>>> print(open('input_26.cif').read())   # mmCIF, C-alpha atoms and all ligand atoms
data_entry
#
loop_
_atom_site.label_atom_id
_atom_site.label_comp_id
_atom_site.auth_asym_id
_atom_site.auth_seq_id
_atom_site.Cartn_x
_atom_site.Cartn_y
_atom_site.Cartn_z
CA MET X 1 0.00 0.00 0.00
CA LYS X 2 1.32 3.42 -0.93
CA PHE X 3 1.13 6.43 1.38
CA PHE X 4 0.72 9.89 -0.12
CA LEU X 5 0.70 13.16 1.83
CA ASP X 6 -2.35 15.33 1.24
CA THR X 7 -0.88 18.79 1.71
CA ALA X 8 0.80 21.73 -0.03
CA ASP X 9 2.96 22.44 3.02
CA VAL X 10 6.50 22.01 1.68
CA ALA X 11 8.16 22.04 5.13
CA GLU X 12 5.88 19.22 6.33
CA ILE X 13 6.56 17.20 3.16
CA GLU X 14 10.31 17.67 3.56
CA ALA X 15 10.19 16.58 7.21
CA LEU X 16 8.11 13.46 6.59
CA ALA X 17 9.79 12.46 3.29
CA ALA X 18 12.96 11.83 5.32
CA SER X 19 11.15 8.86 6.92
CA GLY X 20 11.05 7.09 3.55
CA LEU X 21 7.32 6.50 4.02
CA VAL X 22 6.06 9.11 1.56
CA ASP X 23 5.34 7.58 -1.86
CA GLY X 24 3.66 10.64 -3.36
CA VAL X 25 1.77 13.86 -2.66
CA THR X 26 -1.69 15.16 -3.47
CA THR X 27 -2.62 18.83 -3.53
CA ASN X 28 -5.87 20.62 -4.31
CA PRO X 29 -6.87 24.29 -4.68
CA SER X 30 -7.99 24.49 -1.03
CA LEU X 31 -4.63 23.16 0.21
CA VAL X 32 -2.79 25.64 -2.03
CA HIS X 33 -4.93 28.44 -0.58
CA LYS X 34 -4.08 27.22 2.93
CA ALA X 35 -0.35 27.19 2.10
CA GLY X 36 -0.62 30.80 0.86
CA ARG X 37 2.00 30.18 -1.84
CA ASN X 38 2.27 30.32 -5.63
CA PHE X 39 0.77 27.08 -6.98
CA LEU X 40 3.34 26.34 -9.70
CA GLU X 41 6.28 27.10 -7.40
CA VAL X 42 4.92 24.86 -4.66
CA VAL X 43 4.35 21.96 -7.07
CA LYS X 44 7.89 22.37 -8.41
CA GLU X 45 9.36 22.25 -4.90
CA ILE X 46 7.29 19.20 -3.94
CA CYS X 47 8.32 17.35 -7.12
CA ALA X 48 11.97 17.92 -6.22
CA ILE X 49 11.45 16.43 -2.74
CA VAL X 50 9.25 13.44 -3.55
CA PRO X 51 10.08 11.37 -6.65
CA GLY X 52 6.64 9.70 -6.71
CA PRO X 53 3.45 11.12 -8.22
CA VAL X 54 2.58 14.68 -7.20
CA SER X 55 -1.02 15.57 -8.00
CA ALA X 56 -1.59 19.11 -9.28
CA GLU X 57 -5.24 20.00 -9.87
CA VAL X 58 -6.52 21.99 -12.83
CA VAL X 59 -9.23 24.59 -12.20
CA ALA X 60 -10.68 24.88 -15.70
CA THR X 61 -14.00 23.07 -15.98
CA ASP X 62 -14.12 22.71 -19.78
CA TYR X 63 -12.19 20.12 -21.80
CA GLU X 64 -10.01 22.58 -23.74
CA GLY X 65 -9.20 24.61 -20.63
CA MET X 66 -8.27 21.45 -18.71
CA LEU X 67 -5.87 20.42 -21.47
CA ARG X 68 -4.30 23.91 -21.52
CA GLU X 69 -3.76 23.89 -17.76
CA ALA X 70 -2.60 20.25 -17.80
CA ALA X 71 0.16 21.21 -20.25
CA VAL X 72 1.34 23.91 -17.82
CA VAL X 73 1.51 21.59 -14.80
CA ARG X 74 3.01 18.70 -16.77
CA ALA X 75 5.87 20.98 -17.83
CA ILE X 76 6.91 21.40 -14.18
CA ALA X 77 8.37 17.92 -13.68
CA PRO X 78 7.98 14.37 -15.00
CA ASN X 79 6.38 13.20 -11.74
CA VAL X 80 3.44 15.61 -11.96
CA CYS X 81 0.11 13.79 -11.97
CA VAL X 82 -2.68 15.90 -13.49
CA LYS X 83 -5.68 16.04 -11.17
CA LEU X 84 -9.03 16.38 -12.91
CA PRO X 85 -12.56 16.56 -11.52
CA LEU X 86 -14.94 13.66 -12.09
CA THR X 87 -17.12 15.35 -14.70
CA LEU X 88 -17.75 14.40 -18.31
CA ASP X 89 -15.23 17.03 -19.43
CA GLY X 90 -12.77 15.74 -16.83
CA LEU X 91 -13.19 12.15 -18.04
CA ARG X 92 -12.72 13.24 -21.65
CA ALA X 93 -9.56 15.12 -20.71
CA CYS X 94 -8.42 12.06 -18.74
CA ARG X 95 -8.70 9.87 -21.84
CA THR X 96 -6.77 12.40 -23.96
CA LEU X 97 -4.03 12.96 -21.38
CA THR X 98 -3.45 9.30 -20.51
CA ALA X 99 -3.25 8.49 -24.26
CA ASP X 100 -0.52 11.13 -24.36
CA GLY X 101 1.39 9.39 -21.55
CA ALA X 102 0.34 11.61 -18.62
CA MET X 103 -0.47 10.37 -15.13
CA VAL X 104 -4.01 11.40 -14.21
CA ASN X 105 -5.78 11.44 -10.85
CA VAL X 106 -9.56 11.73 -11.23
CA THR X 107 -10.79 13.45 -8.09
CA LEU X 108 -14.05 14.23 -6.29
CA CYS X 109 -15.33 10.66 -6.69
CA PHE X 110 -18.36 9.94 -4.50
CA SER X 111 -19.90 6.84 -6.08
CA ALA X 112 -18.84 3.46 -7.44
CA PRO X 113 -20.36 4.15 -10.89
CA GLN X 114 -18.26 7.33 -11.04
CA ALA X 115 -15.17 5.24 -10.22
CA LEU X 116 -16.13 2.81 -13.01
CA LEU X 117 -16.18 5.72 -15.46
CA ALA X 118 -12.77 6.92 -14.25
CA ALA X 119 -11.31 3.46 -14.88
CA LYS X 120 -12.92 3.30 -18.33
CA ALA X 121 -11.38 6.72 -19.07
CA GLY X 122 -7.96 5.21 -18.30
CA ALA X 123 -7.27 7.12 -15.06
CA THR X 124 -4.02 6.30 -13.30
CA PHE X 125 -5.72 7.00 -9.96
CA VAL X 126 -9.29 7.56 -8.80
CA SER X 127 -9.81 9.55 -5.60
CA PRO X 128 -12.92 8.60 -3.60
CA PHE X 129 -13.39 11.05 -0.71
CA VAL X 130 -14.14 8.87 2.31
CA GLY X 131 -14.24 11.60 5.00
CA ARG X 132 -16.65 13.81 3.10
CA HIS X 133 -18.74 10.73 2.27
CA ASP X 134 -18.95 9.91 6.01
CA ASP X 135 -19.77 13.56 6.81
CA ALA X 136 -22.71 13.42 4.41
CA GLY X 137 -24.14 10.39 6.22
CA PHE X 138 -22.85 7.67 3.86
CA ASP X 139 -20.33 4.91 4.54
CA GLY X 140 -17.03 5.98 2.96
CA MET X 141 -15.42 2.58 3.36
CA ALA X 142 -18.38 0.76 1.76
CA LEU X 143 -17.63 2.91 -1.28
CA ILE X 144 -14.00 1.72 -1.28
CA GLU X 145 -15.16 -1.92 -0.99
CA ASP X 146 -17.49 -1.49 -3.99
CA ILE X 147 -14.78 0.13 -6.11
CA ARG X 148 -12.27 -2.61 -5.18
CA LEU X 149 -14.80 -5.28 -6.22
CA ILE X 150 -15.62 -3.61 -9.53
CA TYR X 151 -11.99 -2.94 -10.43
CA ASP X 152 -11.02 -6.54 -9.59
CA ASN X 153 -13.97 -7.91 -11.60
CA TYR X 154 -12.61 -6.30 -14.75
CA GLU X 155 -8.91 -6.14 -13.86
CA PHE X 156 -8.84 -2.36 -14.26
CA ALA X 157 -5.35 -0.97 -13.70
CA THR X 158 -6.64 2.28 -12.18
CA GLU X 159 -5.37 2.59 -8.61
CA ILE X 160 -7.79 3.36 -5.79
CA LEU X 161 -6.42 6.42 -4.01
CA VAL X 162 -8.39 6.81 -0.78
CA ALA X 163 -8.73 10.55 -0.16
CA SER X 164 -10.32 12.82 2.43
CA VAL X 165 -8.72 10.65 5.11
CA ARG X 166 -9.34 12.06 8.57
CA HIS X 167 -7.79 9.56 11.00
CA PRO X 168 -5.69 6.36 11.23
CA VAL X 169 -8.79 4.11 11.26
CA HIS X 170 -9.55 5.26 7.70
CA VAL X 171 -6.05 4.10 6.68
CA LEU X 172 -6.47 0.77 8.49
CA ALA X 173 -9.85 0.11 6.86
CA ALA X 174 -8.51 1.09 3.42
CA ALA X 175 -5.58 -1.31 3.86
CA LYS X 176 -7.90 -4.17 4.89
CA ILE X 177 -9.98 -3.63 1.75
CA GLY X 178 -6.85 -3.58 -0.40
CA ALA X 179 -6.93 0.03 -1.59
CA ASP X 180 -3.77 0.86 -3.52
CA VAL X 181 -3.04 4.24 -1.95
CA ALA X 182 -4.15 6.36 1.00
CA THR X 183 -3.46 10.07 0.88
CA MET X 184 -3.47 11.64 4.31
CA PRO X 185 -2.75 14.90 6.11
CA PRO X 186 0.74 14.93 7.72
CA ALA X 187 -0.86 14.69 11.17
CA VAL X 188 -2.46 11.35 10.28
CA LEU X 189 0.85 9.88 9.12
CA ARG X 190 2.38 10.94 12.44
CA GLN X 191 -0.57 9.42 14.31
CA LEU X 192 -0.06 6.10 12.51
CA ALA X 193 3.42 5.82 14.00
CA GLY X 194 2.33 6.60 17.54
CA HIS X 195 0.95 4.41 20.32
CA PRO X 196 0.72 5.28 24.03
CA LEU X 197 2.19 1.88 24.98
CA THR X 198 5.15 2.47 22.65
CA GLU X 199 5.84 5.78 24.41
CA LYS X 200 5.35 4.25 27.85
CA GLY X 201 7.55 1.26 27.06
CA LEU X 202 10.31 3.44 25.62
CA ALA X 203 10.30 5.71 28.67
CA ALA X 204 10.64 2.67 30.96
CA PHE X 205 13.50 1.19 28.91
CA LEU X 206 15.35 4.51 28.89
CA ALA X 207 14.90 4.96 32.63
CA ASP X 208 16.29 1.47 33.33
CA TRP X 209 19.14 2.02 30.88
CA ALA X 210 20.13 5.24 32.66
CA LYS X 211 20.38 3.22 35.90
CA THR X 212 22.98 0.90 34.28
CA GLY X 213 25.30 3.88 33.81
CA GLN X 214 26.34 2.48 30.42
CA THR X 215 26.63 4.09 26.96
CA ILE X 216 26.62 2.45 23.53
CA GLY X 217 29.61 3.15 21.30
O1 LIG E 1 -7.22 16.10 -1.82
C1 LIG E 1 -8.53 15.71 -1.67
C2 LIG E 1 -8.97 15.34 -0.29
O2 LIG E 1 -8.09 14.48 0.34
C3 LIG E 1 -9.66 16.38 0.51
O3 LIG E 1 -9.81 16.06 1.86
O4 LIG E 1 -10.29 16.64 4.20
O5 LIG E 1 -10.76 18.32 2.38
O6 LIG E 1 -12.19 16.30 2.65
P1 LIG E 1 -10.81 16.88 2.82
#
>>> encode(input="input_26.cif", output="structure tokens")
Amino acid sequence: MKFFLDTADVAEIEALAASGLVDGVTTNPSLVHKAGRNFLEVVKEICAIVPGPVSAEVVATDYEGMLREAAVVRAIAPNVCVKLPLTLDGLRACRTLTADGAMVNVTLCFSAPQALLAAKAGATFVSPFVGRHDDAGFDGMALIEDIRLIYDNYEFATEILVASVRHPVHVLAAAKIGADVATMPPAVLRQLAGHPLTEKGLAAFLADWAKTGQTIG
């Protein structure tokens, strides 16, 4: 299972990439707004830190505009993945761009039939938003299960990129279902590594070690 960071915060990406656990990055217009930085500059910096796919979202909503903006973001680095909304224009642009060798992440997926369309359009990734699905009173993980089943039925190569992850249990559930990727805020990746018993056990070991009066090396 691949782990992507869902952020446009370059300092956070740099800090967590050092762990070797970051396989890619996803950004969106809201995250760019939050970062308060120039979009193209931020994407360029992220691409230099993380060699895996870095999703950069277009904001045009028509086919021609999406292709124009996709050309701009693709020129930044070879690991840019063009992020397109799950609309008919977005799916059309997905088909054109993937035929041209681009990586494409089809985003804002909220139903299994939508995910089926993304796969048929040749998407590299489809991004179902589990947190927002839960917020709206639906079961986000049931959506991931349905997409996994459909993609396996037809051996679609499109990777399921679980997005709108809010907590470690989302990542656990996605892994149990066999989702290909989970993109998560930096805080969630940090939470995954933590456990109160790990901290407690480490503190006890260090206290006992100090009593031995020894050093290593
Ligand atoms: O990048 C898309 C997605 O992960 C958004 O998450 O928390 O805004 O629903 P959120």
>>> residues_around(input="input_26.cif", residues="Glu145 (chain X)", least_positions_apart="4", cutoff="7 Å", atoms="only C-alpha atoms", output="number ranges by chain")
X: 141, 149, 177
>>> residues_near_ligand(input="input_26.cif", ligand="ligand LIG 1 (chain E)", cutoff="8 Å", atoms="all atoms listed in the file", output="JSON, numbers by chain")
{"X": [6, 7, 26, 27, 28, 30, 31, 107, 108, 127, 129, 130, 131, 132, 162, 163, 164, 165, 166, 183, 184, 185]}
>>> closest_residue(input="input_26.cif", among="X:Gly52, X:Gly101, X:Gly24, X:Pro168", to="Gln191 (chain X)", atoms="only C-alpha atoms")
X:Pro168
>>> residues_around(input="input_26.cif", residues="Ala123 (chain X)", least_positions_apart="5", cutoff="6 Å", atoms="all atoms listed in the file", output="list in words")
Val104, Ala118 and Thr158 of chain X
>>> residues_around(input="input_26.cif", residues="Ala193 (chain X)", least_positions_apart="5", cutoff="12 Å", atoms="only C-alpha atoms", output="ChimeraX atom specification")
/X:16,19,21,168,186-188,198-199
>>> residues_around(input="input_26.cif", residues="Phe39 (chain X)", least_positions_apart="3", cutoff="10 Å", atoms="only C-alpha atoms", output="ChimeraX atom specification")
/X:8,27-29,31-33,35-36,42-44,56-57,73
>>> residues_around(input="input_26.cif", residues="Tyr151 (chain X)", least_positions_apart="3", cutoff="12 Å", atoms="all atoms listed in the file", output="list of chain:residue names")
X:Ala112, X:Pro113, X:Ala115, X:Leu116, X:Leu117, X:Ala118, X:Ala119, X:Lys120, X:Phe125, X:Val126, X:Ile144, X:Glu145, X:Asp146, X:Ile147, X:Arg148, X:Tyr154, X:Glu155, X:Phe156, X:Ala157, X:Thr158, X:Glu159, X:Ile160, X:Gly178, X:Ala179, X:Asp180
>>> decode(input="input_26.cif", residues="region 156-198 of chain X", atoms="N, CA and C atoms", output="PDB file, in the first residue's frame")
ATOM      1  N   PHE X 156      -9.233  -3.727 -13.914  1.00  0.00           N
ATOM      2  CA  PHE X 156      -8.842  -2.360 -14.264  1.00  0.00           C
ATOM      3  C   PHE X 156      -7.520  -2.037 -13.576  1.00  0.00           C
ATOM      4  N   ALA X 157      -6.652  -1.315 -14.272  1.00  0.00           N
ATOM      5  CA  ALA X 157      -5.345  -0.966 -13.698  1.00  0.00           C
ATOM      6  C   ALA X 157      -5.409   0.308 -12.859  1.00  0.00           C
ATOM      7  N   THR X 158      -6.499   1.037 -12.952  1.00  0.00           N
ATOM      8  CA  THR X 158      -6.639   2.284 -12.179  1.00  0.00           C
ATOM      9  C   THR X 158      -6.455   2.000 -10.689  1.00  0.00           C
ATOM     10  N   GLU X 159      -5.623   2.808 -10.041  1.00  0.00           N
ATOM     11  CA  GLU X 159      -5.372   2.593  -8.610  1.00  0.00           C
ATOM     12  C   GLU X 159      -6.372   3.371  -7.761  1.00  0.00           C
ATOM     13  N   ILE X 160      -6.847   2.712  -6.718  1.00  0.00           N
ATOM     14  CA  ILE X 160      -7.793   3.357  -5.794  1.00  0.00           C
ATOM     15  C   ILE X 160      -6.988   4.163  -4.788  1.00  0.00           C
ATOM     16  N   LEU X 161      -7.159   5.486  -4.865  1.00  0.00           N
ATOM     17  CA  LEU X 161      -6.417   6.418  -4.006  1.00  0.00           C
ATOM     18  C   LEU X 161      -7.417   6.967  -2.976  1.00  0.00           C
ATOM     19  N   VAL X 162      -7.410   6.406  -1.802  1.00  0.00           N
ATOM     20  CA  VAL X 162      -8.392   6.808  -0.780  1.00  0.00           C
ATOM     21  C   VAL X 162      -8.040   8.216  -0.289  1.00  0.00           C
ATOM     22  N   ALA X 163      -8.977   9.146  -0.489  1.00  0.00           N
ATOM     23  CA  ALA X 163      -8.729  10.554  -0.163  1.00  0.00           C
ATOM     24  C   ALA X 163      -9.721  11.025   0.893  1.00  0.00           C
ATOM     25  N   SER X 164      -9.497  12.253   1.363  1.00  0.00           N
ATOM     26  CA  SER X 164     -10.323  12.821   2.434  1.00  0.00           C
ATOM     27  C   SER X 164     -10.228  11.934   3.688  1.00  0.00           C
ATOM     28  N   VAL X 165      -9.008  11.486   3.936  1.00  0.00           N
ATOM     29  CA  VAL X 165      -8.717  10.649   5.111  1.00  0.00           C
ATOM     30  C   VAL X 165      -8.610  11.571   6.322  1.00  0.00           C
ATOM     31  N   ARG X 166      -9.290  11.177   7.394  1.00  0.00           N
ATOM     32  CA  ARG X 166      -9.337  12.062   8.567  1.00  0.00           C
ATOM     33  C   ARG X 166      -8.597  11.504   9.779  1.00  0.00           C
ATOM     34  N   HIS X 167      -8.391  10.166   9.808  1.00  0.00           N
ATOM     35  CA  HIS X 167      -7.792   9.555  10.999  1.00  0.00           C
ATOM     36  C   HIS X 167      -7.191   8.190  10.639  1.00  0.00           C
ATOM     37  N   PRO X 168      -6.360   7.630  11.538  1.00  0.00           N
ATOM     38  CA  PRO X 168      -5.695   6.358  11.234  1.00  0.00           C
ATOM     39  C   PRO X 168      -6.655   5.205  10.944  1.00  0.00           C
ATOM     40  N   VAL X 169      -7.855   5.225  11.505  1.00  0.00           N
ATOM     41  CA  VAL X 169      -8.787   4.109  11.258  1.00  0.00           C
ATOM     42  C   VAL X 169      -9.203   4.079   9.777  1.00  0.00           C
ATOM     43  N   HIS X 170      -9.280   5.238   9.148  1.00  0.00           N
ATOM     44  CA  HIS X 170      -9.546   5.261   7.703  1.00  0.00           C
ATOM     45  C   HIS X 170      -8.433   4.511   6.960  1.00  0.00           C
ATOM     46  N   VAL X 171      -7.191   4.733   7.367  1.00  0.00           N
ATOM     47  CA  VAL X 171      -6.050   4.096   6.681  1.00  0.00           C
ATOM     48  C   VAL X 171      -6.093   2.585   6.914  1.00  0.00           C
ATOM     49  N   LEU X 172      -6.370   2.192   8.156  1.00  0.00           N
ATOM     50  CA  LEU X 172      -6.473   0.768   8.495  1.00  0.00           C
ATOM     51  C   LEU X 172      -7.559   0.091   7.651  1.00  0.00           C
ATOM     52  N   ALA X 173      -8.730   0.701   7.612  1.00  0.00           N
ATOM     53  CA  ALA X 173      -9.852   0.114   6.856  1.00  0.00           C
ATOM     54  C   ALA X 173      -9.517   0.039   5.370  1.00  0.00           C
ATOM     55  N   ALA X 174      -8.879   1.073   4.849  1.00  0.00           N
ATOM     56  CA  ALA X 174      -8.507   1.087   3.423  1.00  0.00           C
ATOM     57  C   ALA X 174      -7.509  -0.026   3.130  1.00  0.00           C
ATOM     58  N   ALA X 175      -6.588  -0.257   4.055  1.00  0.00           N
ATOM     59  CA  ALA X 175      -5.576  -1.311   3.864  1.00  0.00           C
ATOM     60  C   ALA X 175      -6.234  -2.687   3.902  1.00  0.00           C
ATOM     61  N   LYS X 176      -7.222  -2.872   4.796  1.00  0.00           N
ATOM     62  CA  LYS X 176      -7.900  -4.168   4.888  1.00  0.00           C
ATOM     63  C   LYS X 176      -8.678  -4.478   3.603  1.00  0.00           C
ATOM     64  N   ILE X 177      -9.205  -3.440   2.993  1.00  0.00           N
ATOM     65  CA  ILE X 177      -9.976  -3.629   1.752  1.00  0.00           C
ATOM     66  C   ILE X 177      -9.037  -3.874   0.558  1.00  0.00           C
ATOM     67  N   GLY X 178      -7.802  -3.401   0.695  1.00  0.00           N
ATOM     68  CA  GLY X 178      -6.852  -3.575  -0.403  1.00  0.00           C
ATOM     69  C   GLY X 178      -6.788  -2.370  -1.326  1.00  0.00           C
ATOM     70  N   ALA X 179      -7.091  -1.191  -0.789  1.00  0.00           N
ATOM     71  CA  ALA X 179      -6.932   0.031  -1.591  1.00  0.00           C
ATOM     72  C   ALA X 179      -5.446   0.180  -1.920  1.00  0.00           C
ATOM     73  N   ASP X 180      -5.167   0.765  -3.080  1.00  0.00           N
ATOM     74  CA  ASP X 180      -3.770   0.857  -3.518  1.00  0.00           C
ATOM     75  C   ASP X 180      -3.005   1.944  -2.791  1.00  0.00           C
ATOM     76  N   VAL X 181      -3.701   3.059  -2.514  1.00  0.00           N
ATOM     77  CA  VAL X 181      -3.042   4.240  -1.952  1.00  0.00           C
ATOM     78  C   VAL X 181      -3.970   4.884  -0.923  1.00  0.00           C
ATOM     79  N   ALA X 182      -3.385   5.456   0.127  1.00  0.00           N
ATOM     80  CA  ALA X 182      -4.155   6.358   0.999  1.00  0.00           C
ATOM     81  C   ALA X 182      -3.398   7.676   1.016  1.00  0.00           C
ATOM     82  N   THR X 183      -4.105   8.762   0.741  1.00  0.00           N
ATOM     83  CA  THR X 183      -3.463  10.073   0.880  1.00  0.00           C
ATOM     84  C   THR X 183      -3.983  10.697   2.159  1.00  0.00           C
ATOM     85  N   MET X 184      -3.063  11.204   2.965  1.00  0.00           N
ATOM     86  CA  MET X 184      -3.468  11.636   4.307  1.00  0.00           C
ATOM     87  C   MET X 184      -2.769  12.930   4.711  1.00  0.00           C
ATOM     88  N   PRO X 185      -3.426  13.711   5.587  1.00  0.00           N
ATOM     89  CA  PRO X 185      -2.749  14.895   6.114  1.00  0.00           C
ATOM     90  C   PRO X 185      -1.509  14.445   6.900  1.00  0.00           C
ATOM     91  N   PRO X 186      -0.468  15.299   6.976  1.00  0.00           N
ATOM     92  CA  PRO X 186       0.744  14.926   7.716  1.00  0.00           C
ATOM     93  C   PRO X 186       0.439  14.452   9.138  1.00  0.00           C
ATOM     94  N   ALA X 187      -0.536  15.071   9.787  1.00  0.00           N
ATOM     95  CA  ALA X 187      -0.858  14.688  11.169  1.00  0.00           C
ATOM     96  C   ALA X 187      -1.295  13.230  11.263  1.00  0.00           C
ATOM     97  N   VAL X 188      -1.997  12.746  10.251  1.00  0.00           N
ATOM     98  CA  VAL X 188      -2.463  11.353  10.284  1.00  0.00           C
ATOM     99  C   VAL X 188      -1.281  10.393  10.115  1.00  0.00           C
ATOM    100  N   LEU X 189      -0.327  10.744   9.271  1.00  0.00           N
ATOM    101  CA  LEU X 189       0.854   9.876   9.120  1.00  0.00           C
ATOM    102  C   LEU X 189       1.612   9.805  10.453  1.00  0.00           C
ATOM    103  N   ARG X 190       1.704  10.945  11.123  1.00  0.00           N
ATOM    104  CA  ARG X 190       2.379  10.944  12.441  1.00  0.00           C
ATOM    105  C   ARG X 190       1.586  10.089  13.438  1.00  0.00           C
ATOM    106  N   GLN X 191       0.265  10.219  13.400  1.00  0.00           N
ATOM    107  CA  GLN X 191      -0.573   9.424  14.313  1.00  0.00           C
ATOM    108  C   GLN X 191      -0.394   7.924  14.089  1.00  0.00           C
ATOM    109  N   LEU X 192      -0.212   7.535  12.818  1.00  0.00           N
ATOM    110  CA  LEU X 192      -0.060   6.104  12.508  1.00  0.00           C
ATOM    111  C   LEU X 192       1.145   5.501  13.217  1.00  0.00           C
ATOM    112  N   ALA X 193       2.181   6.329  13.381  1.00  0.00           N
ATOM    113  CA  ALA X 193       3.420   5.820  14.000  1.00  0.00           C
ATOM    114  C   ALA X 193       3.323   5.769  15.513  1.00  0.00           C
ATOM    115  N   GLY X 194       2.366   6.471  16.082  1.00  0.00           N
ATOM    116  CA  GLY X 194       2.328   6.604  17.542  1.00  0.00           C
ATOM    117  C   GLY X 194       1.434   5.595  18.232  1.00  0.00           C
ATOM    118  N   HIS X 195       1.811   5.223  19.454  1.00  0.00           N
ATOM    119  CA  HIS X 195       0.950   4.409  20.317  1.00  0.00           C
ATOM    120  C   HIS X 195       1.335   4.713  21.763  1.00  0.00           C
ATOM    121  N   PRO X 196       0.375   4.937  22.643  1.00  0.00           N
ATOM    122  CA  PRO X 196       0.719   5.280  24.032  1.00  0.00           C
ATOM    123  C   PRO X 196       1.590   4.214  24.697  1.00  0.00           C
ATOM    124  N   LEU X 197       1.384   2.945  24.343  1.00  0.00           N
ATOM    125  CA  LEU X 197       2.188   1.884  24.976  1.00  0.00           C
ATOM    126  C   LEU X 197       3.623   1.878  24.437  1.00  0.00           C
ATOM    127  N   THR X 198       3.789   2.333  23.194  1.00  0.00           N
ATOM    128  CA  THR X 198       5.154   2.466  22.654  1.00  0.00           C
ATOM    129  C   THR X 198       5.890   3.538  23.454  1.00  0.00           C
TER     130      THR X 198
END
